[in-house]
$ cat structure04.txt   # compact mmCIF, C-alpha atoms
# COMPACT_ATOMS: atom_id res chain seq x y z
CA MET A 1 0.00 0.00 0.00
CA THR A 2 2.89 2.36 0.80
CA ASN A 3 4.42 1.85 -2.61
CA THR A 4 1.06 2.53 -4.28
CA ALA A 5 0.63 5.75 -2.28
CA ASP A 6 4.15 6.89 -3.10
CA SER A 7 3.53 6.11 -6.78
CA LEU A 8 0.28 8.08 -6.77
CA ASP A 9 1.96 11.06 -5.12
CA THR A 10 4.57 10.99 -7.85
CA ILE A 11 1.86 10.92 -10.51
CA ILE A 12 -0.03 13.80 -8.88
CA THR A 13 3.15 15.88 -8.73
CA ARG A 14 4.01 15.14 -12.36
CA VAL A 15 0.48 15.83 -13.67
CA ASN A 16 0.16 19.09 -11.70
CA LYS A 17 3.55 20.23 -12.95
CA LYS A 18 2.53 19.51 -16.54
CA LEU A 19 -1.12 20.64 -16.54
CA GLY A 20 -1.13 23.18 -13.71
CA GLU A 21 -1.32 23.16 -9.94
CA GLY A 22 -4.65 21.82 -8.67
CA THR A 23 -5.36 19.54 -11.64
CA LEU A 24 -5.17 16.49 -9.37
CA ILE A 25 -6.17 16.91 -5.73
CA ARG A 26 -6.45 14.39 -2.94
CA GLY A 27 -9.98 13.97 -1.64
CA ARG A 28 -8.84 14.64 1.91
CA ASP A 29 -7.78 18.12 0.80
CA LEU A 30 -11.30 18.83 -0.46
CA LYS A 31 -13.36 17.52 2.46
CA ASN A 32 -13.80 21.01 3.90
CA LEU A 33 -14.50 22.61 0.52
CA VAL A 34 -17.78 24.56 0.58
CA ILE A 35 -19.64 25.57 -2.56
CA PRO A 36 -19.73 29.39 -2.60
CA ARG A 37 -23.29 30.70 -2.70
CA ILE A 38 -25.07 34.03 -2.92
CA THR A 39 -28.56 34.97 -1.85
CA SER A 40 -31.48 35.18 -4.26
CA GLY A 41 -33.00 37.93 -2.14
CA ALA A 42 -35.86 35.61 -1.17
CA PRO A 43 -35.34 33.55 2.04
CA ALA A 44 -37.77 30.86 0.90
CA LEU A 45 -35.94 30.37 -2.41
CA ASP A 46 -32.54 30.39 -0.67
CA LEU A 47 -33.74 27.56 1.54
CA SER A 48 -35.11 25.53 -1.38
CA LEU A 49 -31.82 25.98 -3.29
CA GLY A 50 -29.80 24.68 -0.36
CA GLY A 51 -28.48 28.02 0.88
CA GLY A 52 -28.69 30.28 -2.17
CA TRP A 53 -27.57 30.21 -5.81
CA PRO A 54 -24.43 28.06 -6.31
CA MET A 55 -21.54 30.03 -7.83
CA ASN A 56 -19.15 29.19 -10.67
CA CYS A 57 -21.83 27.42 -12.69
CA TRP A 58 -24.89 28.08 -14.85
CA CYS A 59 -28.39 28.13 -13.37
CA GLU A 60 -31.60 28.38 -15.38
CA ILE A 61 -34.80 30.26 -14.57
CA ALA A 62 -37.59 28.92 -16.79
CA GLY A 63 -41.30 29.67 -16.99
CA GLU A 64 -44.19 31.12 -18.92
CA PRO A 65 -44.26 34.81 -19.96
CA SER A 66 -45.01 37.34 -17.21
CA ASN A 67 -44.44 34.88 -14.37
CA GLY A 68 -41.59 36.68 -12.59
CA LYS A 69 -38.43 35.30 -14.23
CA SER A 70 -36.65 38.61 -14.86
CA VAL A 71 -37.80 39.93 -11.49
CA LEU A 72 -36.14 36.95 -9.81
CA ALA A 73 -32.85 37.72 -11.59
CA MET A 74 -32.99 41.46 -10.86
CA LYS A 75 -33.81 40.91 -7.19
CA THR A 76 -30.85 38.52 -6.96
CA VAL A 77 -28.54 41.21 -8.33
CA ALA A 78 -30.06 43.90 -6.08
CA ALA A 79 -29.84 41.77 -2.91
CA ASN A 80 -26.14 41.06 -3.44
CA GLN A 81 -25.32 44.63 -4.40
CA ALA A 82 -26.86 45.66 -1.08
CA VAL A 83 -24.54 43.27 0.78
CA HIS A 84 -21.33 43.64 -1.26
CA ARG A 85 -20.47 47.14 -2.45
CA ASP A 86 -18.17 45.81 -5.21
CA PHE A 87 -20.71 43.29 -6.60
CA HIS A 88 -20.92 43.83 -10.38
CA CYS A 89 -23.28 42.23 -12.89
CA LEU A 90 -23.15 41.78 -16.66
CA TRP A 91 -26.68 41.79 -18.11
CA ILE A 92 -27.11 40.47 -21.65
CA ALA A 93 -30.30 42.19 -22.78
CA ALA A 94 -31.56 40.21 -25.74
CA GLU A 95 -34.92 41.74 -24.85
CA GLN A 96 -35.42 45.42 -24.10
CA PHE A 97 -33.68 46.52 -20.90
CA VAL A 98 -35.54 49.15 -18.87
CA PRO A 99 -33.22 50.92 -16.39
CA SER A 100 -36.07 52.46 -14.40
CA TRP A 101 -37.60 49.02 -13.80
CA ALA A 102 -34.23 47.61 -12.72
CA GLN A 103 -33.88 50.49 -10.25
CA THR A 104 -37.38 49.83 -8.94
CA CYS A 105 -36.25 46.26 -8.21
CA GLY A 106 -33.30 47.71 -6.28
CA CYS A 107 -30.45 47.38 -8.81
CA ASP A 108 -27.61 49.89 -8.72
CA MET A 109 -26.98 50.86 -12.35
CA ASP A 110 -23.44 52.03 -11.51
CA ARG A 111 -22.59 48.40 -10.81
CA MET A 112 -24.26 46.92 -13.88
CA THR A 113 -22.90 46.55 -17.41
CA VAL A 114 -25.58 46.03 -20.05
CA ALA A 115 -25.06 44.58 -23.52
CA GLU A 116 -28.13 45.05 -25.72
CA THR A 117 -27.81 42.52 -28.51
CA GLN A 118 -29.94 39.79 -30.03
CA VAL A 119 -27.04 38.31 -31.98
CA MET A 120 -26.28 34.98 -30.37
CA GLU A 121 -22.59 34.84 -31.28
CA GLU A 122 -21.97 38.39 -30.00
CA ALA A 123 -23.73 37.73 -26.71
CA TYR A 124 -21.84 34.49 -26.11
CA GLN A 125 -18.46 36.05 -26.97
CA ILE A 126 -19.03 38.91 -24.51
CA VAL A 127 -19.89 36.42 -21.76
CA LEU A 128 -16.80 34.33 -22.46
CA GLU A 129 -14.58 37.44 -22.27
CA VAL A 130 -15.80 38.47 -18.81
CA LEU A 131 -15.75 34.91 -17.45
CA GLU A 132 -12.19 34.27 -18.57
CA ASN A 133 -11.00 37.54 -17.04
CA ARG A 134 -12.88 37.13 -13.72
CA ALA A 135 -14.36 40.58 -14.40
CA VAL A 136 -17.84 40.30 -12.80
CA ASP A 137 -19.67 38.54 -9.99
CA ALA A 138 -22.80 37.61 -11.96
CA VAL A 139 -23.86 37.17 -15.58
CA VAL A 140 -27.53 37.23 -16.60
CA ILE A 141 -28.76 36.32 -20.09
CA ASP A 142 -32.27 37.70 -20.59
CA SER A 143 -33.41 35.80 -22.40
CA LEU A 144 -32.04 32.78 -24.24
CA SER A 145 -35.23 32.58 -26.29
CA SER A 146 -34.56 36.01 -27.87
CA LEU A 147 -31.04 35.29 -29.14
CA VAL A 148 -30.75 34.76 -32.90
CA PRO A 149 -27.74 33.23 -34.75
CA ILE A 150 -26.15 35.50 -37.38
CA GLU A 151 -26.72 33.02 -40.19
CA GLU A 152 -30.42 32.72 -39.38
CA ASP A 153 -30.78 36.50 -39.17
CA GLU A 154 -29.19 37.01 -42.60
CA LYS A 155 -31.18 34.32 -44.40
CA ALA A 156 -34.56 34.83 -46.01
CA MET A 157 -37.72 33.87 -44.17
CA ASP A 158 -38.24 30.71 -46.25
CA ASP A 159 -34.70 29.39 -45.63
CA TRP A 160 -34.30 26.77 -42.92
CA GLN A 161 -31.41 26.55 -40.49
CA VAL A 162 -32.18 23.35 -38.61
CA ALA A 163 -30.76 23.21 -35.06
CA LEU A 164 -28.28 26.03 -35.78
CA GLY A 165 -28.99 27.81 -32.48
CA ALA A 166 -28.79 24.51 -30.59
CA ARG A 167 -25.34 23.72 -32.01
CA ILE A 168 -23.98 27.19 -31.19
CA THR A 169 -25.49 27.11 -27.69
CA GLY A 170 -24.04 23.67 -27.01
CA LYS A 171 -20.60 24.89 -28.06
CA PHE A 172 -20.95 27.97 -25.86
CA MET A 173 -21.89 25.90 -22.82
CA ARG A 174 -18.82 23.71 -23.28
CA LYS A 175 -16.50 26.71 -23.66
CA SER A 176 -18.08 28.72 -20.85
CA ASN A 177 -17.95 25.75 -18.52
CA SER A 178 -14.17 25.80 -18.87
CA ALA A 179 -13.98 29.61 -18.54
CA GLN A 180 -16.26 29.62 -15.51
CA ARG A 181 -14.42 26.92 -13.60
CA ARG A 182 -12.51 28.23 -10.60
CA SER A 183 -9.64 26.73 -8.65
CA MET A 184 -10.63 24.23 -5.96
CA VAL A 185 -7.69 25.20 -3.76
CA GLU A 186 -7.45 28.98 -4.24
CA ALA A 187 -9.95 31.74 -3.51
CA ASP A 188 -10.69 32.89 -7.07
CA ARG A 189 -13.41 35.46 -7.60
CA PRO A 190 -16.62 33.41 -7.91
CA CYS A 191 -19.23 34.17 -10.55
CA LEU A 192 -22.90 33.23 -10.88
CA GLY A 193 -24.42 32.55 -14.30
CA LEU A 194 -28.20 32.95 -14.70
CA ILE A 195 -29.97 32.10 -17.94
CA ILE A 196 -33.61 33.12 -18.31
CA SER A 197 -35.66 30.98 -20.67
CA GLN A 198 -39.26 30.29 -21.63
CA TRP A 199 -41.10 27.05 -22.06
CA ARG A 200 -41.96 25.86 -25.55
CA GLU A 201 -44.23 22.95 -26.49
CA LYS A 202 -42.91 19.82 -28.14
CA VAL A 203 -44.75 18.84 -31.31
CA GLY A 204 -46.71 15.60 -31.26
CA VAL A 205 -46.36 14.81 -27.55
CA GLN A 206 -49.60 13.42 -26.16
CA TYR A 207 -48.45 11.96 -22.83
CA GLY A 208 -46.14 13.33 -20.18
CA ASP A 209 -44.56 16.76 -19.97
CA ASN A 210 -44.50 18.37 -23.42
CA ARG A 211 -42.53 21.44 -22.32
CA VAL A 212 -39.01 22.20 -23.45
CA THR A 213 -36.74 25.25 -23.52
CA PRO A 214 -35.37 26.45 -26.89
CA TYR A 215 -31.99 25.70 -28.48
CA GLY A 216 -31.55 22.04 -27.73
CA ARG A 217 -31.18 19.82 -24.70
CA ALA A 218 -27.37 19.76 -24.57
CA LYS A 219 -27.35 22.92 -22.45
CA GLU A 220 -29.47 21.27 -19.76
CA PHE A 221 -26.59 18.95 -18.82
CA PHE A 222 -24.45 21.98 -17.90
CA TYR A 223 -27.01 23.56 -15.56
CA MET A 224 -26.18 23.02 -11.90
CA THR A 225 -29.65 24.22 -10.93
CA ARG A 226 -32.88 24.64 -12.89
CA VAL A 227 -35.70 26.64 -11.31
CA GLU A 228 -39.22 26.70 -12.70
CA VAL A 229 -41.25 29.84 -11.98
CA ARG A 230 -45.04 29.71 -12.10
CA ARG A 231 -47.47 32.49 -11.25
CA ASP A 232 -49.90 31.54 -8.52
CA GLU A 233 -52.19 34.57 -8.38
CA TRP A 234 -52.30 38.33 -8.83
CA LEU A 235 -52.09 40.59 -5.80
CA GLY A 236 -54.56 43.43 -5.38
CA SER A 237 -58.14 43.90 -6.47
CA ASP A 238 -59.81 42.77 -9.69
CA LYS A 239 -59.58 46.29 -11.06
CA HIS A 240 -56.12 47.16 -9.83
CA LYS A 241 -53.26 44.66 -9.65
CA VAL A 242 -50.29 45.69 -7.50
CA GLY A 243 -48.15 42.55 -7.68
CA LEU A 244 -48.06 38.84 -8.15
CA SER A 245 -47.61 35.74 -6.06
CA PHE A 246 -45.48 33.07 -7.71
CA LYS A 247 -43.97 29.74 -6.80
CA THR A 248 -40.55 28.39 -7.68
CA ARG A 249 -39.65 24.71 -7.96
CA THR A 250 -36.12 23.40 -8.29
CA VAL A 251 -36.60 20.87 -11.09
CA LYS A 252 -32.86 20.14 -11.02
CA ASN A 253 -30.35 20.71 -8.23
CA LYS A 254 -26.91 19.10 -8.13
CA THR A 255 -25.90 20.78 -4.84
CA ALA A 256 -28.97 20.10 -2.68
CA PRO A 257 -32.18 18.02 -2.75
CA PRO A 258 -34.34 18.93 -5.79
CA GLN A 259 -38.10 19.37 -6.16
CA ARG A 260 -38.38 21.92 -3.36
CA VAL A 261 -41.03 24.64 -3.66
CA ALA A 262 -40.86 28.25 -2.50
CA ALA A 263 -43.74 30.76 -2.45
CA ILE A 264 -42.91 34.45 -3.06
CA ASP A 265 -45.03 37.61 -3.15
CA PHE A 266 -43.68 40.50 -5.25
CA TYR A 267 -45.10 44.04 -5.41
CA TRP A 268 -44.51 46.28 -8.42
CA GLU A 269 -46.46 49.15 -6.85
CA ASP A 270 -46.57 50.63 -3.36
CA HIS A 271 -49.20 48.75 -1.37
CA ASP A 272 -50.01 49.05 2.32
CA THR A 273 -46.69 48.37 4.07
CA HIS A 274 -44.80 47.16 0.99
CA ALA A 275 -42.81 49.41 -1.34
CA ALA A 276 -42.72 49.02 -5.12
CA GLY A 277 -40.14 46.44 -6.20
CA SER A 278 -40.10 44.54 -2.90
CA TYR A 279 -40.76 41.00 -1.73
CA ASP A 280 -43.02 40.19 1.20
CA VAL A 281 -40.10 38.92 3.31
CA GLY A 282 -42.15 38.73 6.49
CA LYS A 283 -44.59 36.31 4.88
CA GLN A 284 -41.73 34.11 3.64
CA PHE A 285 -40.07 33.88 7.06
CA ALA A 286 -43.40 33.23 8.76
CA SER A 287 -44.47 30.50 6.30
CA ILE A 288 -41.15 28.68 6.66
CA ALA A 289 -41.18 28.95 10.46
CA ILE A 290 -44.81 27.76 10.71
CA ASP A 291 -44.11 24.76 8.44
CA MET A 292 -41.09 23.85 10.56
CA GLY A 293 -42.98 24.27 13.82
CA LEU A 294 -40.78 27.13 15.04
CA ILE A 295 -43.83 29.39 15.24
CA GLN A 296 -46.55 27.70 17.26
CA GLN A 297 -50.09 28.00 15.90
CA ALA A 298 -53.18 27.67 18.07
CA GLY A 299 -56.31 28.55 16.14
CA GLY A 300 -55.87 32.12 14.93
CA TYR A 301 -53.01 32.85 17.34
CA TYR A 302 -49.30 32.52 16.61
CA ARG A 303 -46.57 32.35 19.26
CA TYR A 304 -42.82 32.68 18.96
CA ALA A 305 -40.02 33.70 21.35
CA GLY A 306 -42.43 34.85 24.06
CA ARG A 307 -44.50 36.97 21.66
CA GLN A 308 -48.00 36.42 20.37
CA TRP A 309 -49.95 37.64 17.33
CA GLN A 310 -53.60 37.26 16.41
CA GLY A 311 -53.96 36.58 12.70
CA LYS A 312 -51.38 35.91 10.00
CA GLU A 313 -51.39 39.46 8.65
CA LYS A 314 -50.24 40.88 11.99
CA LEU A 315 -47.55 38.22 12.16
CA TYR A 316 -46.33 39.00 8.61
CA ASP A 317 -46.31 42.74 9.29
CA SER A 318 -44.43 42.38 12.55
CA ILE A 319 -41.69 40.26 10.97
CA GLU A 320 -41.47 42.58 7.95
CA HIS A 321 -40.72 45.63 10.08
CA ASP A 322 -38.63 44.09 12.85
CA PRO A 323 -35.07 43.34 11.61
CA ALA A 324 -34.10 41.80 14.96
CA LEU A 325 -37.02 39.36 14.70
CA GLN A 326 -36.01 38.50 11.13
CA ILE A 327 -32.44 37.74 12.22
CA GLN A 328 -33.63 35.58 15.12
CA LEU A 329 -36.00 33.65 12.85
CA GLU A 330 -33.32 33.21 10.21
CA GLN A 331 -30.86 31.85 12.77
CA ASP A 332 -33.42 29.42 14.14
CA ILE A 333 -34.37 28.26 10.63
CA VAL A 334 -30.73 27.70 9.62
CA THR A 335 -30.06 25.82 12.86
CA ALA A 336 -33.12 23.63 12.32
CA VAL A 337 -32.25 22.63 8.75
CA ALA A 338 -28.47 22.25 9.21
CA PRO A 339 -26.59 20.31 7.92
CA HIS A 340 -28.98 20.15 4.96
CA ILE A 341 -27.93 23.56 3.62
CA ASP A 342 -24.52 25.02 2.98
CA LYS A 343 -23.23 27.75 5.25
CA PRO A 344 -20.24 29.20 3.36
CA LYS A 345 -17.43 30.64 5.43
CA ARG A 346 -16.40 34.21 4.73
CA ARG A 347 -13.03 34.41 3.01
CA THR A 348 -10.92 36.98 1.22
CA LEU A 349 -11.29 36.68 -2.55
CA LYS A 350 -8.65 37.42 -5.14
CA ARG A 351 -9.97 40.10 -7.44
CA ALA A 352 -9.09 40.39 -11.11
$ encode --input "structure04.txt" --output "structure tokens"
Amino acid sequence: MTNTADSLDTIITRVNKKLGEGTLIRGRDLKNLVIPRITSGAPALDLSLGGGWPMNCWCEIAGEPSNGKSVLAMKTVAANQAVHRDFHCLWIAAEQFVPSWAQTCGCDMDRMTVAETQVMEEAYQIVLEVLENRAVDAVVIDSLSSLVPIEEDEKAMDDWQVALGARITGKFMRKSNSAQRRSMVEADRPCLGLIISQWREKVGVQYGDNRVTPYGRAKEFFYMTRVEVRRDEWLGSDKHKVGLSFKTRTVKNKTAPPQRVAAIDFYWEDHDTHAAGSYDVGKQFASIAIDMGLIQQAGGYYRYAGRQWQGKEKLYDSIEHDPALQIQLEQDIVTAVAPHIDKPKRRTLKRA
């Protein structure tokens, strides 16, 4: 056994010298490795993801039109800009980008770089440049469905380019996967990749799920996480809608258990105690805590940490406007679900 170990050490040293330090790593040196994560801005979604969006990989947000996909991406950027003052995002706007709406969602435009292009090759090349140079903390492509290959754009309407976009996208995913990979032993600047997509219907499918996202299935193998967004109901009156309630489901998750559901309320207008562009955070914390039994329910009364509320609305409002109560709830929730979610340690990152 000793000779085998010595031989393997020799091989590891030789391979790392030839291909670069960190190419081969002993498992014992990785046992304390924690996947870096960032918040989505929604506590319920963070919990369902296993502690937040996993970094250094691609994640997909898929759903029907007007279900909250872009809002989810913008709120992710805004939440992390609020925590990290040097957090910068590259936004590939294949659809129209509206700065005022991004600001309503809380985004700081001074820390966003926007590329407005529908040309698939241009968009992919820009993304590869910033990933290879460790230039940003997040990349958002909004949306994949709106990107068009150059050849398809230049051809006449009656010319067919079968699977052209799928081939280009598959190549991009392979190249970006290499560019996005970070060292397992050094603290490289991590980067989150979010791709927004829309469901399409497969032709001729009579049984089972007939939904698929555009540009081939090869890209799906590169996604670390896939989140489906589905609108639950509109918020407000019949005559005046002020927001929407939507649910997310992790249809794929390679870093935590999949098929977890999170319910989120988003307001696009000022309403009662909620400002335009905000989540109902109090409702999220309360729902999680009630489901986990941290908040005791007896009829219409709710009890927690020596306090009592009559009715859910009073409970939601109290949590929403009491930061100390939010922190206490968050700590209790994390303690209750550990070790089922990652709790990344703070560390100093090397900046490009």
$ residues_around --input "structure04.txt" --residues "region 170-173 of chain A" --least-positions-apart "4" --cutoff "12 Å" --atoms "only C-alpha atoms" --output "ChimeraX atom specification"
/A:57-59,120-129,163-166,177-181,193,195,214-223
$ closest_residue --input "structure04.txt" --among "A:Lys252, A:Lys75, A:His240, A:Lys202" --to "Ile264 (chain A)" --atoms "only C-alpha atoms"
A:Lys75
$ atom_distance --input "structure04.txt" --atom1 "CA of Arg111 (chain A)" --atom2 "CA of Ala82 (chain A)"
11.0 Å
$ residues_around --input "structure04.txt" --residues "Lys247 (chain A)" --least-positions-apart "6" --cutoff "7 Å" --atoms "all atoms listed in the file" --output "list of chain:residue names"
A:Val229, A:Arg230, A:Arg231, A:Asp232, A:Val261, A:Ala262, A:Ala263, A:Ile264
$ residues_around --input "structure04.txt" --residues "region 23-36 of chain A" --least-positions-apart "6" --cutoff "7 Å" --atoms "all atoms listed in the file" --output "PyMOL selection string"
chain A and resi 12+16+54-55+344
$ atom_distance --input "structure04.txt" --atom1 "CA of Ile150 (chain A)" --atom2 "CA of Val119 (chain A)"
6.2 Å
$ atom_distance --input "structure04.txt" --atom1 "CA of Ala305 (chain A)" --atom2 "CA of Leu329 (chain A)"
9.4 Å
$ closest_residue --input "structure04.txt" --among "A:Met292, A:Ala286, A:Ile327, A:Ile168" --to "Leu315 (chain A)" --atoms "all atoms listed in the file"
A:Ala286
$ residues_around --input "structure04.txt" --residues "region 41-43 of chain A" --least-positions-apart "3" --cutoff "6 Å" --atoms "only C-alpha atoms" --output "mmCIF file with C-alpha atoms, keeping the file's coordinate frame"
data_model
loop_
_atom_site.group_PDB
_atom_site.id
_atom_site.type_symbol
_atom_site.label_atom_id
_atom_site.label_comp_id
_atom_site.auth_asym_id
_atom_site.auth_seq_id
_atom_site.Cartn_x
_atom_site.Cartn_y
_atom_site.Cartn_z
ATOM 1 C CA ASP A 46 -32.540 30.390 -0.670
ATOM 2 C CA LYS A 75 -33.810 40.910 -7.190
ATOM 3 C CA THR A 76 -30.850 38.520 -6.960
ATOM 4 C CA ALA A 79 -29.840 41.770 -2.910
#
$ residues_near_point --input "structure04.txt" --point "(-27.0, 49.5, -18.4)" --cutoff "10 Å" --atoms "only C-alpha atoms" --output "MDAnalysis selection string"
chainID A and resid 89:93 97:99 102 108:116
